[in-house]
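To start, the structure itself, in structure tokens.
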Amino acid sequence: MTLNGGKLPRRGFLGLGGAAAFLTTASLTGCDLSTAPKRAGEDGAESGRDANAKEAPMLAKLVKSGDLPPLAERIPAKPLVITPTERPGVYGGTWHTALLGVADAVWMDRTIGYEGLFRWDPDFKKIIPNVAESYEKSEDGRTHTVRLRQGIKWSDGQPFTADDVVFYQNDLVNNRELSPYEPDNPATAEKVDDHTVRFVYEHPDGLFLMRQAASSGTFVRFPKHYLQRFHKKYNPDIDTLVQQEKAGDWMKLFGSKAGFGVGTGEAYMNPDCPTLYAWRTVQPLGESGTRAVVERNPYYWKVDPDGRQLPYLDRVDFSIVGDAEVMLLKAMDGDIDMQNRTIGKPKNKPVLSRNRESGDYKFFETVPTSMNTTVIAFNLTHKDPVKREVFNNKNFRIGLSHAINREEIIKIVFQRQGQPWQISPRKESVFYNERLATQYLEYDPDLANQFLDRAGYTQRDSAGYRLGPSGKRISAQVTFVTSWTPQWADVADLLKQYWKAVGVEISPQAQDRSLWLERSEANEFDIQMWEGELGLDADVLLRPMWYLPIDGTITPGPPWRAWYNSRGATGQKPPEAVARTLALYDQVKSEPDEARQQALMKQILEIDADMFFVIGISLPMNGYGVVKNNFHNVPKTMRDSVTCLTPGMTRPEQYFIE
């Protein structure tokens with residue numbers, strides 16, 4: 001989400017979870033990786049080889065000079081202990097990785113920004129404590145009590161306490177100037193003591209713990225002691241400060257200092273804002289246009305089993321490139337230490353395989369949580385009434401689905417990897433719905449023509465294209481972002497052939513990601529292609545964006561989403577069946593019982609199977625990433641998830657270079 005005039009977005013990134021009533025301190029098991037060699041000129045890369053050192057040499061120097069307190073004064077008396085994947089590491093070195101433009105800043109969240117109250121374990125199977133050490137919920141699901149880990153400090157040395165969490169909830173989320181959307185389930189945070197916060201919701205919140213284990217970690221990103229100076233409630237001279245900063249208004253000023261956006265890189269644009277992350281910003285994203293750099297946080301609150309403060313790595317250097325091919329070349333040349341995002345595409349693997357020895361790297365495997373390589377989403381709320389009528393015709397969509405030769409697409413485009421699949425949760429999910437996953441997959445042009453005739457579009461022009469309700473040729477533009485998935489251009493070209501054979505004309509068009517998102521948000525598109533992310537249990541519960549118009553900019557009906565999120569104040573009321581699924585989802589969110597929660601979600605998916613709004617191509621198969629041979633503690637296999645931010649759940653703070 002982008003920063004909206006200094007306002008909180010409608011949605012931060014959501015999360016996952018189980019409905020455990022109580023969590024206690026847990027340690028992490030197993031991680032395994034390989035990284036890149038030390039590069040010349042990196043502070044501490046050699047002196048960090050002392051296996052007995054309890055802190056990084058670069059910090060020990062600051063302690064010796066008196067510029068930093070001793071380690072015992074910087075970390076909790078009982079720090080969180082992280083068991084390394086492979087073995088205890090050594091201090092020093094820089095992790096070199098890359099972003100595909102500034103808009104790809106979600107990779108920073110994925111690598112260094114996964115630090116919430118709770119988090120997912122590396123296997124993506126259970127929620128474990130993180131900044132918080134325990135949790136309780138009331139029987140009715142309205143009250144959630146979180147006990148914070150004592151002794152944690154912000155990167156400037158100030159204590160992290162319940163005041164920071166209460167500040168975020170009451171002064172940011174509940175402030176209508178900063179967060180203009182009225183929440184559907186208002187909550188207040190109450191400080192029980194310095195390390196305990198009680199959240200009280202107007203209605204039961206059945207997804208509270210899942211959201212806290214999710215990617216954004218918003219409750220621990222906003223230090224009150226630093227940000228209150230920029231908040232109208234706490235600074236009576238805020239107008240003077242706004243003028244001095246030339247910010248326009250206090251909301252914009254606050255937003256620029258706090259960095260609201262999740263996935264936008266805004267959290268890494270103000271180096272003055274303290275953090276709880278393992279690394280703190282020293283070269284902000286966008287400052288130079290070529291890189292962003294973060295450096296170890298001297299107050300980071302986790303240690304290895306030997307009591308040695310993490311992280312092992314001194315820095316993370318994010319090179320900003322404008323082309324995916326440039327990133328691929330950097331990986332082939334050994335200039336990227338560890339990465340799967342952008343690089344780990346099927347078409348890149350042969351050339352990366354051939355260069356493993358010269359590039360001094362190997363592969364690690366990623367197991368997708370995504371449920372489709374390609375989502376084909378029709379604009380069911382199109383501004384053009386003719387296109388809107390055509391796209392809303394279910395027989396039209398069924399006909400186009402039967403016209404797709406998915407086996408050929410899998411063979412030609414996806415390296416023979418995958419299987420035909422509609423938009424449905426994966427088989428390993430408790431929400432797997434066989435009808436939703438497998439209906440209308442058969443490639444049968446004759447059957448496709450039958451459904452298109454049944455839709456009422458039997459008349460054709462001289463070129464053989466079907467005529468729509470206006471008497472003009474049915475024609476649509478299919479838009480996609482090749483920088484995200486280059487294969488979509490090939491998929492679109494094949495769709496053009498398949499649908500032409502049954503009398504429907506499309507024009508494939510690649511777009512810049514920002515333009516694609518902008519037009520999606522503005523309801524100015526015909527048909528869009530995107531990845532079918534979020535295919536496992538918690539994904540489906542927290543971000544069911546392909547089954548419900550509630551989330552993100554990727555949806556078959558943007559005005560329906562606006563109607564739901566504004567509680568009917570804006571947007572367009574959806575059809576009865578869609579409104580029914582939204583009402584059911586309101587029950588999902590408020591249901592404290594996990595079994596009943598799942599039953600309600602399954603009802604939604606059954607209705608989705610009846611509506612058949614979006615078309616899928618194929619189920620993704622396992623992916624990969626590259627890791628240098630001297631880069632360690634990266635698991636050989638990891639879940640690839642947008643919800644728990646791969647590779648964040650594998651604890652990058654314990655990666656090291658040898």
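Naming scheme: A, B, ... for chains in displayed order of the structure tokens; residues 1 onward per chain; ligands 1 onward as shown.
For region 496-508 of chain A, the residues within 7 Å (counting only C-alpha atoms, excluding itself and residues fewer than 2 positions away along the chain) are A:Leu400, A:Ala403, A:Ile404, A:Pro445, A:Asn449, A:Gly464, A:Tyr465, A:Arg466, A:Ile474, A:Ser475, A:Ala476, A:Gln477, A:Val478, A:Thr479, A:Ala492, A:Asp493, A:Leu494, A:Ala510.
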Next item on the list: From the DSSP assignment of the backbone, select every residue of region 350-521 of chain A that is strand (DSSP E or B), and format the answer as a PyMOL selection string.
Entry: chain A and resi 361-368+372-378+419-420+460+466-467+473+475-480+505-510
Same residues, N, CA and C atoms, saved as a CSV table (one decimal), in the first residue's frame:
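The result, stored in out-v6.csv:
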```
chain,number,residue,atom,x,y,z
A,361,TYR,N,27.8,-20.5,-6.2
A,361,TYR,CA,26.5,-20.6,-5.5
A,361,TYR,C,25.9,-21.9,-5.7
A,362,LYS,N,24.8,-22.2,-5.0
A,362,LYS,CA,24.0,-23.4,-5.1
A,362,LYS,C,22.5,-22.9,-5.0
A,363,PHE,N,21.6,-23.9,-5.1
A,363,PHE,CA,20.2,-23.6,-5.0
A,363,PHE,C,19.7,-24.1,-3.7
A,364,PHE,N,18.6,-23.4,-3.2
A,364,PHE,CA,17.8,-23.9,-2.2
A,364,PHE,C,16.4,-24.0,-2.8
A,365,GLU,N,15.6,-24.8,-2.2
A,365,GLU,CA,14.2,-25.1,-2.7
A,365,GLU,C,13.2,-24.2,-2.0
A,366,THR,N,12.2,-23.7,-2.8
A,366,THR,CA,11.1,-23.1,-2.1
A,366,THR,C,9.8,-23.8,-2.5
A,367,VAL,N,9.0,-24.0,-1.5
A,367,VAL,CA,7.7,-24.8,-1.6
A,367,VAL,C,6.6,-23.7,-1.6
A,368,PRO,N,5.9,-23.5,-2.7
A,368,PRO,CA,4.9,-22.4,-2.8
A,368,PRO,C,3.7,-22.6,-1.9
A,372,ASN,N,-1.9,-20.6,-7.8
A,372,ASN,CA,-2.0,-20.6,-9.2
A,372,ASN,C,-0.9,-19.7,-9.9
A,373,THR,N,-0.4,-20.2,-11.0
A,373,THR,CA,0.6,-19.4,-11.7
A,373,THR,C,0.0,-18.1,-12.3
A,374,THR,N,-1.3,-18.2,-12.7
A,374,THR,CA,-1.9,-17.1,-13.5
A,374,THR,C,-3.4,-17.0,-13.1
A,375,VAL,N,-3.7,-15.9,-12.6
A,375,VAL,CA,-5.2,-15.6,-12.4
A,375,VAL,C,-5.6,-14.7,-13.5
A,376,ILE,N,-6.8,-15.1,-14.1
A,376,ILE,CA,-7.4,-14.2,-15.2
A,376,ILE,C,-8.6,-13.6,-14.6
A,377,ALA,N,-8.6,-12.3,-14.2
A,377,ALA,CA,-9.7,-11.7,-13.5
A,377,ALA,C,-10.4,-10.7,-14.5
A,378,PHE,N,-11.7,-10.9,-14.6
A,378,PHE,CA,-12.5,-10.0,-15.4
A,378,PHE,C,-13.0,-8.8,-14.6
A,419,GLN,N,0.2,-28.4,-12.8
A,419,GLN,CA,-1.0,-29.1,-13.3
A,419,GLN,C,-2.1,-28.2,-13.5
A,420,PRO,N,-3.1,-28.4,-14.4
A,420,PRO,CA,-4.2,-27.5,-14.6
A,420,PRO,C,-4.9,-27.3,-13.3
A,460,ARG,N,-21.6,-13.4,-35.5
A,460,ARG,CA,-20.2,-13.1,-35.7
A,460,ARG,C,-20.0,-12.1,-36.9
A,466,ARG,N,-17.1,-12.9,-32.4
A,466,ARG,CA,-18.5,-12.8,-31.9
A,466,ARG,C,-18.9,-11.4,-31.6
A,467,LEU,N,-20.2,-11.1,-31.8
A,467,LEU,CA,-20.7,-9.8,-31.5
A,467,LEU,C,-21.4,-9.7,-30.2
A,473,ARG,N,-18.0,-6.1,-32.1
A,473,ARG,CA,-17.1,-7.2,-31.8
A,473,ARG,C,-16.8,-7.2,-30.3
A,475,SER,N,-14.4,-7.5,-27.7
A,475,SER,CA,-12.9,-7.3,-27.7
A,475,SER,C,-12.5,-6.7,-26.3
A,476,ALA,N,-11.4,-7.2,-25.8
A,476,ALA,CA,-10.9,-6.8,-24.5
A,476,ALA,C,-9.4,-6.7,-24.4
A,477,GLN,N,-8.9,-5.9,-23.6
A,477,GLN,CA,-7.4,-5.8,-23.3
A,477,GLN,C,-7.1,-6.6,-22.1
A,478,VAL,N,-6.1,-7.4,-22.2
A,478,VAL,CA,-5.6,-8.2,-21.1
A,478,VAL,C,-4.2,-7.6,-20.7
A,479,THR,N,-4.2,-7.1,-19.4
A,479,THR,CA,-3.0,-6.4,-18.9
A,479,THR,C,-2.3,-7.2,-17.9
A,480,PHE,N,-1.0,-7.1,-17.9
A,480,PHE,CA,-0.1,-7.9,-16.9
A,480,PHE,C,1.2,-7.2,-16.7
A,505,GLU,N,-11.9,-11.7,-29.2
A,505,GLU,CA,-10.7,-10.9,-29.4
A,505,GLU,C,-10.1,-10.3,-28.2
A,506,ILE,N,-8.8,-10.5,-27.9
A,506,ILE,CA,-8.1,-9.8,-26.8
A,506,ILE,C,-6.8,-9.2,-27.3
A,507,SER,N,-6.4,-8.2,-26.7
A,507,SER,CA,-5.1,-7.5,-27.0
A,507,SER,C,-4.3,-7.5,-25.7
A,508,PRO,N,-3.2,-8.4,-25.7
A,508,PRO,CA,-2.3,-8.4,-24.6
A,508,PRO,C,-1.5,-7.1,-24.5
A,509,GLN,N,-1.3,-6.6,-23.2
A,509,GLN,CA,-0.5,-5.4,-23.0
A,509,GLN,C,0.2,-5.5,-21.7
A,510,ALA,N,1.5,-5.5,-21.8
A,510,ALA,CA,2.4,-5.4,-20.6
A,510,ALA,C,2.4,-4.0,-20.1
```
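Across the model, the gap from CA of Leu100 (chain A) to CA of Val413 (chain A) is 22.1 Å.
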- Query: Excluding same-chain residues fewer than 5 positions from Lys233 (chain A), what lies within 12 Å of it counting only C-alpha atoms, as a list in words?
  - Reply: Phe167, Asn170, Asp171, Leu172, Asn175, Glu177, Leu178, Lys224, Leu227, Gln228, Ile238, Asp239, Trp250, Met251 and Phe254 of chain A
Can I get the selected residues back with N, CA and C atoms, as a PDB file, in the first residue's frame?
```pdb
ATOM      1  N   PHE A 167       0.177   3.329  21.868  1.00  0.00           N
ATOM      2  CA  PHE A 167       0.316   4.496  20.983  1.00  0.00           C
ATOM      3  C   PHE A 167      -0.117   4.149  19.569  1.00  0.00           C
ATOM      4  N   ASN A 170      -4.164   3.315  19.659  1.00  0.00           N
ATOM      5  CA  ASN A 170      -5.080   4.395  20.038  1.00  0.00           C
ATOM      6  C   ASN A 170      -4.808   5.708  19.321  1.00  0.00           C
ATOM      7  N   ASP A 171      -3.542   5.994  19.026  1.00  0.00           N
ATOM      8  CA  ASP A 171      -3.211   7.301  18.462  1.00  0.00           C
ATOM      9  C   ASP A 171      -2.951   7.280  16.962  1.00  0.00           C
ATOM     10  N   LEU A 172      -2.793   6.092  16.390  1.00  0.00           N
ATOM     11  CA  LEU A 172      -2.622   6.001  14.940  1.00  0.00           C
ATOM     12  C   LEU A 172      -3.836   5.329  14.306  1.00  0.00           C
ATOM     13  N   ASN A 175      -7.064   7.141  15.166  1.00  0.00           N
ATOM     14  CA  ASN A 175      -7.092   8.557  14.822  1.00  0.00           C
ATOM     15  C   ASN A 175      -7.619   8.704  13.398  1.00  0.00           C
ATOM     16  N   GLU A 177      -7.850  11.192  11.443  1.00  0.00           N
ATOM     17  CA  GLU A 177      -7.070  12.006  10.518  1.00  0.00           C
ATOM     18  C   GLU A 177      -5.943  11.191   9.894  1.00  0.00           C
ATOM     19  N   LEU A 178      -5.339  10.327  10.688  1.00  0.00           N
ATOM     20  CA  LEU A 178      -4.271   9.472  10.176  1.00  0.00           C
ATOM     21  C   LEU A 178      -4.830   8.222   9.499  1.00  0.00           C
ATOM     22  N   LYS A 224       6.883   5.447  20.307  1.00  0.00           N
ATOM     23  CA  LYS A 224       6.173   6.627  20.790  1.00  0.00           C
ATOM     24  C   LYS A 224       7.134   7.754  21.148  1.00  0.00           C
ATOM     25  N   LEU A 227       8.087   9.429  17.797  1.00  0.00           N
ATOM     26  CA  LEU A 227       7.036   9.909  16.904  1.00  0.00           C
ATOM     27  C   LEU A 227       6.065  10.890  17.553  1.00  0.00           C
ATOM     28  N   GLN A 228       5.968  10.907  18.878  1.00  0.00           N
ATOM     29  CA  GLN A 228       4.972  11.788  19.500  1.00  0.00           C
ATOM     30  C   GLN A 228       5.242  13.260  19.201  1.00  0.00           C
ATOM     31  N   ILE A 238       2.665  21.819  16.919  1.00  0.00           N
ATOM     32  CA  ILE A 238       2.801  21.005  15.712  1.00  0.00           C
ATOM     33  C   ILE A 238       2.731  21.846  14.437  1.00  0.00           C
ATOM     34  N   ASP A 239       1.920  22.905  14.430  1.00  0.00           N
ATOM     35  CA  ASP A 239       1.795  23.726  13.224  1.00  0.00           C
ATOM     36  C   ASP A 239       3.122  24.402  12.880  1.00  0.00           C
ATOM     37  N   TRP A 250       0.064  18.181   9.365  1.00  0.00           N
ATOM     38  CA  TRP A 250       0.710  17.329  10.370  1.00  0.00           C
ATOM     39  C   TRP A 250       0.620  15.855   9.996  1.00  0.00           C
ATOM     40  N   MET A 251      -0.438  15.454   9.257  1.00  0.00           N
ATOM     41  CA  MET A 251      -0.562  14.050   8.881  1.00  0.00           C
ATOM     42  C   MET A 251       0.550  13.641   7.917  1.00  0.00           C
ATOM     43  N   PHE A 254       3.782  13.456   9.924  1.00  0.00           N
ATOM     44  CA  PHE A 254       3.837  12.227  10.719  1.00  0.00           C
ATOM     45  C   PHE A 254       4.114  11.017   9.828  1.00  0.00           C
TER      46      PHE A 254
END
```
re CA of Leu313 (chain A) and CA of Ile657 (chain A): distance 7.3 Å
Counting only C-alpha atoms, closest pick from A:Arg416, A:Lys246, A:Lys78, A:Lys345 relative to Thr482 (chain A) is A:Lys345
Within 12 Å of Ile550 (chain A), counting only C-alpha atoms, which residues show up once you throw out same-chain ones fewer than 4 positions away? Write them as a PyMOL selection string, please.
chain A and resi 10-11+541-546+554-567+571+574+578-579+581-583+585-586
Write the residues of the selection above to a file with N, CA and C atoms, as a short mmCIF file (atom, residue, chain, number, x, y, z; two decimals), in the first residue's frame.
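Result written to selection-v5.cif:
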```cif
data_model
loop_
_atom_site.label_atom_id
_atom_site.label_comp_id
_atom_site.auth_asym_id
_atom_site.auth_seq_id
_atom_site.Cartn_x
_atom_site.Cartn_y
_atom_site.Cartn_z
N ARG A 10 -5.81 1.50 4.32
CA ARG A 10 -6.94 0.71 4.79
C ARG A 10 -6.44 -0.59 5.37
N ARG A 11 -5.43 -1.15 4.76
CA ARG A 11 -4.97 -2.46 5.19
C ARG A 11 -3.47 -2.47 5.21
N LEU A 541 -7.86 -17.44 5.19
CA LEU A 541 -8.62 -16.76 6.23
C LEU A 541 -8.31 -15.27 6.29
N LEU A 542 -7.05 -14.91 6.11
CA LEU A 542 -6.65 -13.53 6.31
C LEU A 542 -6.73 -12.67 5.07
N ARG A 543 -6.43 -13.25 3.91
CA ARG A 543 -6.45 -12.46 2.68
C ARG A 543 -7.13 -13.24 1.55
N PRO A 544 -8.42 -13.45 1.65
CA PRO A 544 -9.13 -14.22 0.62
C PRO A 544 -9.49 -13.35 -0.59
N MET A 545 -8.49 -12.67 -1.15
CA MET A 545 -8.78 -11.63 -2.14
C MET A 545 -9.30 -12.19 -3.46
N TRP A 546 -9.09 -13.48 -3.74
CA TRP A 546 -9.62 -14.04 -4.98
C TRP A 546 -11.00 -14.65 -4.78
N ILE A 554 -6.20 -5.99 -6.41
CA ILE A 554 -6.39 -7.07 -7.37
C ILE A 554 -7.70 -7.76 -7.03
N THR A 555 -8.73 -7.44 -7.75
CA THR A 555 -10.04 -8.01 -7.46
C THR A 555 -10.92 -7.86 -8.68
N PRO A 556 -11.87 -8.78 -8.90
CA PRO A 556 -12.76 -8.66 -10.05
C PRO A 556 -13.71 -7.46 -9.99
N GLY A 557 -13.84 -6.81 -8.82
CA GLY A 557 -14.76 -5.69 -8.71
C GLY A 557 -14.31 -4.64 -7.72
N PRO A 558 -13.44 -3.70 -8.12
CA PRO A 558 -12.95 -2.68 -7.18
C PRO A 558 -14.05 -1.90 -6.46
N PRO A 559 -15.13 -1.46 -7.15
CA PRO A 559 -16.18 -0.74 -6.41
C PRO A 559 -16.89 -1.61 -5.36
N TRP A 560 -16.95 -2.93 -5.58
CA TRP A 560 -17.51 -3.81 -4.55
C TRP A 560 -16.62 -3.79 -3.31
N ARG A 561 -15.31 -3.81 -3.54
CA ARG A 561 -14.38 -3.77 -2.42
C ARG A 561 -14.52 -2.46 -1.65
N ALA A 562 -14.66 -1.35 -2.39
CA ALA A 562 -14.82 -0.06 -1.73
C ALA A 562 -16.11 -0.03 -0.90
N TRP A 563 -17.15 -0.64 -1.42
CA TRP A 563 -18.43 -0.69 -0.70
C TRP A 563 -18.27 -1.46 0.60
N TYR A 564 -17.59 -2.59 0.54
CA TYR A 564 -17.41 -3.41 1.73
C TYR A 564 -16.53 -2.70 2.76
N ASN A 565 -15.41 -2.18 2.31
CA ASN A 565 -14.45 -1.58 3.23
C ASN A 565 -14.97 -0.27 3.84
N SER A 566 -15.89 0.41 3.15
CA SER A 566 -16.46 1.64 3.70
C SER A 566 -17.79 1.39 4.38
N ARG A 567 -18.15 0.13 4.49
CA ARG A 567 -19.44 -0.26 5.08
C ARG A 567 -20.59 0.42 4.37
N GLY A 571 -18.42 3.33 -3.14
CA GLY A 571 -18.38 2.15 -3.98
C GLY A 571 -19.74 1.73 -4.49
N PRO A 574 -22.53 -4.95 -4.18
CA PRO A 574 -22.36 -6.11 -5.08
C PRO A 574 -23.65 -6.91 -5.22
N VAL A 578 -22.58 -12.24 -3.92
CA VAL A 578 -21.31 -11.67 -3.44
C VAL A 578 -21.52 -11.06 -2.06
N ALA A 579 -22.62 -10.34 -1.89
CA ALA A 579 -22.90 -9.74 -0.58
C ALA A 579 -23.04 -10.83 0.48
N THR A 581 -21.40 -13.69 0.57
CA THR A 581 -20.05 -14.15 0.95
C THR A 581 -19.39 -13.13 1.88
N LEU A 582 -19.61 -11.85 1.63
CA LEU A 582 -19.02 -10.82 2.49
C LEU A 582 -19.61 -10.87 3.89
N ALA A 583 -20.91 -11.13 3.97
CA ALA A 583 -21.55 -11.26 5.29
C ALA A 583 -21.01 -12.47 6.03
N TYR A 585 -18.04 -13.68 5.62
CA TYR A 585 -16.67 -13.39 6.03
C TYR A 585 -16.64 -12.52 7.28
N ASP A 586 -17.62 -11.64 7.44
CA ASP A 586 -17.73 -10.89 8.69
C ASP A 586 -17.87 -11.85 9.87
#
```
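Straight-line separation from CA of Lys347 (chain A) to CA of Gln415 (chain A): 7.3 Å.
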With distances taken over only C-alpha atoms, the candidate from A:Asp526, A:Leu285, A:Ala258, A:Lys427 nearest Pro385 (chain A) is A:Asp526
**OP:** Any chance you could list, as a ChimeraX atom specification, the residues in region 368-472 of chain A that come up alpha helix (DSSP H) when DSSP is run on the backbone?
**Re:** /A:385-391,394-402,406-412,434-438,445-454
